[in-house]
Amino acid sequence: MSDPLKPTPGILCKLGSIAVHVAELLSADGHAFDRNALDVLMKNEDVLEWLVGMDRLGLLPKKRSAQLAAPSKRSKK
């Protein structure tokens, strides 16, 4: 992708699908289909390329992990 700030119509459709499936998954009516659809979309080559480009521009939040979120276990002296 040459410019992640100018995504193709295909990328926009996939990003819209991600948003809809997340909303459905988080709703009271969410089901496994939404999770499966998200798994497929998040492995899509175009989506991954767009995410890399956005990350390079510093426009994506950094992923949190249990290791990063946990307070330091070093003892204070």
# chains A, B, ... in the order shown; residues from 1 in each chain; ligands from 1
>>> residues_around(residues="segment 13-21 of chain A", least_positions_apart="5", cutoff="9 Å", atoms="only C-alpha atoms", output="PyMOL selection string")
chain A and resi 8+26+30+33-35+37-38+41-42+44+46-47
>>> write_last_selection(atoms="N, CA and C atoms", output="mmCIF file, in the first residue's frame")
data_model
loop_
_atom_site.group_PDB
_atom_site.id
_atom_site.type_symbol
_atom_site.label_atom_id
_atom_site.label_comp_id
_atom_site.auth_asym_id
_atom_site.auth_seq_id
_atom_site.Cartn_x
_atom_site.Cartn_y
_atom_site.Cartn_z
ATOM 1 N N THR A 8 -7.806 2.005 -0.123
ATOM 2 C CA THR A 8 -8.641 1.650 -1.271
ATOM 3 C C THR A 8 -10.066 1.374 -0.806
ATOM 4 N N LEU A 26 -19.784 -7.887 20.518
ATOM 5 C CA LEU A 26 -19.929 -7.321 21.860
ATOM 6 C C LEU A 26 -21.382 -7.166 22.295
ATOM 7 N N GLY A 30 -24.302 -11.422 20.005
ATOM 8 C CA GLY A 30 -23.068 -11.834 19.341
ATOM 9 C C GLY A 30 -22.928 -13.345 19.319
ATOM 10 N N PHE A 33 -19.933 -16.717 14.716
ATOM 11 C CA PHE A 33 -19.706 -16.257 13.346
ATOM 12 C C PHE A 33 -18.930 -14.939 13.338
ATOM 13 N N ASP A 34 -19.279 -14.040 14.262
ATOM 14 C CA ASP A 34 -18.594 -12.743 14.318
ATOM 15 C C ASP A 34 -17.114 -12.927 14.633
ATOM 16 N N ARG A 35 -16.803 -13.784 15.570
ATOM 17 C CA ARG A 35 -15.398 -14.044 15.926
ATOM 18 C C ARG A 35 -14.652 -14.663 14.747
ATOM 19 N N ALA A 37 -15.404 -14.364 11.539
ATOM 20 C CA ALA A 37 -15.256 -13.334 10.508
ATOM 21 C C ALA A 37 -14.119 -12.384 10.862
ATOM 22 N N LEU A 38 -14.009 -12.013 12.133
ATOM 23 C CA LEU A 38 -12.919 -11.140 12.569
ATOM 24 C C LEU A 38 -11.558 -11.816 12.398
ATOM 25 N N LEU A 41 -10.731 -11.595 8.699
ATOM 26 C CA LEU A 41 -10.418 -10.223 8.298
ATOM 27 C C LEU A 41 -9.073 -9.758 8.844
ATOM 28 N N MET A 42 -8.758 -10.148 10.077
ATOM 29 C CA MET A 42 -7.505 -9.692 10.690
ATOM 30 C C MET A 42 -6.289 -10.426 10.138
ATOM 31 N N ASN A 44 -6.179 -10.963 6.764
ATOM 32 C CA ASN A 44 -6.203 -10.576 5.362
ATOM 33 C C ASN A 44 -4.943 -9.769 5.032
ATOM 34 N N ASP A 46 -4.274 -7.506 2.777
ATOM 35 C CA ASP A 46 -4.474 -6.066 2.593
ATOM 36 C C ASP A 46 -4.647 -5.345 3.929
ATOM 37 N N VAL A 47 -5.401 -5.950 4.830
ATOM 38 C CA VAL A 47 -5.607 -5.351 6.154
ATOM 39 C C VAL A 47 -4.283 -5.303 6.910
#
>>> select_by_dssp(residues="chain A", states="alpha helix (DSSP H)", output="ChimeraX atom specification")
/A:9-26,32-42,45-56,66-69
>>> write_last_selection(atoms="C-alpha atoms", output="PDB file, in the first residue's frame")
ATOM      1  CA  PRO A   9     -12.388   1.008  -1.359  1.00  0.00           C
ATOM      2  CA  GLY A  10     -11.588  -2.662  -0.649  1.00  0.00           C
ATOM      3  CA  ILE A  11      -9.697  -1.796   2.542  1.00  0.00           C
ATOM      4  CA  LEU A  12     -12.493   0.553   3.615  1.00  0.00           C
ATOM      5  CA  CYS A  13     -15.040  -2.251   3.142  1.00  0.00           C
ATOM      6  CA  LYS A  14     -12.899  -4.629   5.216  1.00  0.00           C
ATOM      7  CA  LEU A  15     -12.418  -2.028   7.973  1.00  0.00           C
ATOM      8  CA  GLY A  16     -16.169  -1.401   7.982  1.00  0.00           C
ATOM      9  CA  SER A  17     -16.791  -5.147   8.247  1.00  0.00           C
ATOM     10  CA  ILE A  18     -14.393  -5.332  11.199  1.00  0.00           C
ATOM     11  CA  ALA A  19     -16.291  -2.528  12.954  1.00  0.00           C
ATOM     12  CA  VAL A  20     -19.680  -4.181  12.362  1.00  0.00           C
ATOM     13  CA  HIS A  21     -18.506  -7.625  13.495  1.00  0.00           C
ATOM     14  CA  VAL A  22     -16.911  -6.174  16.653  1.00  0.00           C
ATOM     15  CA  ALA A  23     -20.160  -4.369  17.493  1.00  0.00           C
ATOM     16  CA  GLU A  24     -22.139  -7.568  16.892  1.00  0.00           C
ATOM     17  CA  LEU A  25     -19.688  -9.691  18.898  1.00  0.00           C
ATOM     18  CA  LEU A  26     -19.929  -7.321  21.860  1.00  0.00           C
ATOM     19  CA  ALA A  32     -19.180 -17.378  16.943  1.00  0.00           C
ATOM     20  CA  PHE A  33     -19.706 -16.257  13.346  1.00  0.00           C
ATOM     21  CA  ASP A  34     -18.594 -12.743  14.318  1.00  0.00           C
ATOM     22  CA  ARG A  35     -15.398 -14.044  15.926  1.00  0.00           C
ATOM     23  CA  ASN A  36     -14.650 -16.225  12.890  1.00  0.00           C
ATOM     24  CA  ALA A  37     -15.256 -13.334  10.508  1.00  0.00           C
ATOM     25  CA  LEU A  38     -12.919 -11.140  12.569  1.00  0.00           C
ATOM     26  CA  ASP A  39     -10.231 -13.818  12.536  1.00  0.00           C
ATOM     27  CA  VAL A  40     -10.397 -13.996   8.733  1.00  0.00           C
ATOM     28  CA  LEU A  41     -10.418 -10.223   8.298  1.00  0.00           C
ATOM     29  CA  MET A  42      -7.505  -9.692  10.690  1.00  0.00           C
ATOM     30  CA  GLU A  45      -3.044  -9.476   3.525  1.00  0.00           C
ATOM     31  CA  ASP A  46      -4.474  -6.066   2.593  1.00  0.00           C
ATOM     32  CA  VAL A  47      -5.607  -5.351   6.154  1.00  0.00           C
ATOM     33  CA  LEU A  48      -2.229  -6.425   7.560  1.00  0.00           C
ATOM     34  CA  GLU A  49      -0.392  -4.206   5.076  1.00  0.00           C
ATOM     35  CA  TRP A  50      -2.622  -1.242   5.977  1.00  0.00           C
ATOM     36  CA  LEU A  51      -2.009  -1.849   9.697  1.00  0.00           C
ATOM     37  CA  VAL A  52       1.768  -1.891   9.149  1.00  0.00           C
ATOM     38  CA  GLY A  53       1.578   1.395   7.253  1.00  0.00           C
ATOM     39  CA  MET A  54      -0.553   3.045   9.927  1.00  0.00           C
ATOM     40  CA  ASP A  55       1.785   1.756  12.640  1.00  0.00           C
ATOM     41  CA  ARG A  56       4.802   3.214  10.823  1.00  0.00           C
ATOM     42  CA  ALA A  66      -0.202  -8.737  30.525  1.00  0.00           C
ATOM     43  CA  GLN A  67       3.562  -8.358  30.778  1.00  0.00           C
ATOM     44  CA  LEU A  68       3.482  -4.640  29.945  1.00  0.00           C
ATOM     45  CA  ALA A  69       0.412  -3.898  32.031  1.00  0.00           C
TER      46      ALA A  69
END
>>> atom_distance(atom1="atom CA of Leu5 of chain A", atom2="atom CA of Leu57 of chain A")
9.4 Å
>>> decode(residues="segment 9-59 of chain A", atoms="C-alpha atoms", output="PDB file, in the first residue's frame")
ATOM      1  CA  PRO A   9     -12.388   1.008  -1.359  1.00  0.00           C
ATOM      2  CA  GLY A  10     -11.588  -2.662  -0.649  1.00  0.00           C
ATOM      3  CA  ILE A  11      -9.697  -1.796   2.542  1.00  0.00           C
ATOM      4  CA  LEU A  12     -12.493   0.553   3.615  1.00  0.00           C
ATOM      5  CA  CYS A  13     -15.040  -2.251   3.142  1.00  0.00           C
ATOM      6  CA  LYS A  14     -12.899  -4.629   5.216  1.00  0.00           C
ATOM      7  CA  LEU A  15     -12.418  -2.028   7.973  1.00  0.00           C
ATOM      8  CA  GLY A  16     -16.169  -1.401   7.982  1.00  0.00           C
ATOM      9  CA  SER A  17     -16.791  -5.147   8.247  1.00  0.00           C
ATOM     10  CA  ILE A  18     -14.393  -5.332  11.199  1.00  0.00           C
ATOM     11  CA  ALA A  19     -16.291  -2.528  12.954  1.00  0.00           C
ATOM     12  CA  VAL A  20     -19.680  -4.181  12.362  1.00  0.00           C
ATOM     13  CA  HIS A  21     -18.506  -7.625  13.495  1.00  0.00           C
ATOM     14  CA  VAL A  22     -16.911  -6.174  16.653  1.00  0.00           C
ATOM     15  CA  ALA A  23     -20.160  -4.369  17.493  1.00  0.00           C
ATOM     16  CA  GLU A  24     -22.139  -7.568  16.892  1.00  0.00           C
ATOM     17  CA  LEU A  25     -19.688  -9.691  18.898  1.00  0.00           C
ATOM     18  CA  LEU A  26     -19.929  -7.321  21.860  1.00  0.00           C
ATOM     19  CA  SER A  27     -23.734  -7.203  21.699  1.00  0.00           C
ATOM     20  CA  ALA A  28     -26.041  -9.530  23.593  1.00  0.00           C
ATOM     21  CA  ASP A  29     -26.734 -11.291  20.272  1.00  0.00           C
ATOM     22  CA  GLY A  30     -23.068 -11.834  19.341  1.00  0.00           C
ATOM     23  CA  HIS A  31     -22.088 -15.304  18.191  1.00  0.00           C
ATOM     24  CA  ALA A  32     -19.180 -17.378  16.943  1.00  0.00           C
ATOM     25  CA  PHE A  33     -19.706 -16.257  13.346  1.00  0.00           C
ATOM     26  CA  ASP A  34     -18.594 -12.743  14.318  1.00  0.00           C
ATOM     27  CA  ARG A  35     -15.398 -14.044  15.926  1.00  0.00           C
ATOM     28  CA  ASN A  36     -14.650 -16.225  12.890  1.00  0.00           C
ATOM     29  CA  ALA A  37     -15.256 -13.334  10.508  1.00  0.00           C
ATOM     30  CA  LEU A  38     -12.919 -11.140  12.569  1.00  0.00           C
ATOM     31  CA  ASP A  39     -10.231 -13.818  12.536  1.00  0.00           C
ATOM     32  CA  VAL A  40     -10.397 -13.996   8.733  1.00  0.00           C
ATOM     33  CA  LEU A  41     -10.418 -10.223   8.298  1.00  0.00           C
ATOM     34  CA  MET A  42      -7.505  -9.692  10.690  1.00  0.00           C
ATOM     35  CA  LYS A  43      -5.391 -12.195   8.708  1.00  0.00           C
ATOM     36  CA  ASN A  44      -6.203 -10.576   5.362  1.00  0.00           C
ATOM     37  CA  GLU A  45      -3.044  -9.476   3.525  1.00  0.00           C
ATOM     38  CA  ASP A  46      -4.474  -6.066   2.593  1.00  0.00           C
ATOM     39  CA  VAL A  47      -5.607  -5.351   6.154  1.00  0.00           C
ATOM     40  CA  LEU A  48      -2.229  -6.425   7.560  1.00  0.00           C
ATOM     41  CA  GLU A  49      -0.392  -4.206   5.076  1.00  0.00           C
ATOM     42  CA  TRP A  50      -2.622  -1.242   5.977  1.00  0.00           C
ATOM     43  CA  LEU A  51      -2.009  -1.849   9.697  1.00  0.00           C
ATOM     44  CA  VAL A  52       1.768  -1.891   9.149  1.00  0.00           C
ATOM     45  CA  GLY A  53       1.578   1.395   7.253  1.00  0.00           C
ATOM     46  CA  MET A  54      -0.553   3.045   9.927  1.00  0.00           C
ATOM     47  CA  ASP A  55       1.785   1.756  12.640  1.00  0.00           C
ATOM     48  CA  ARG A  56       4.802   3.214  10.823  1.00  0.00           C
ATOM     49  CA  LEU A  57       3.052   6.583  10.878  1.00  0.00           C
ATOM     50  CA  GLY A  58       2.444   6.202  14.626  1.00  0.00           C
ATOM     51  CA  LEU A  59      -1.317   6.300  14.133  1.00  0.00           C
TER      52      LEU A  59
END
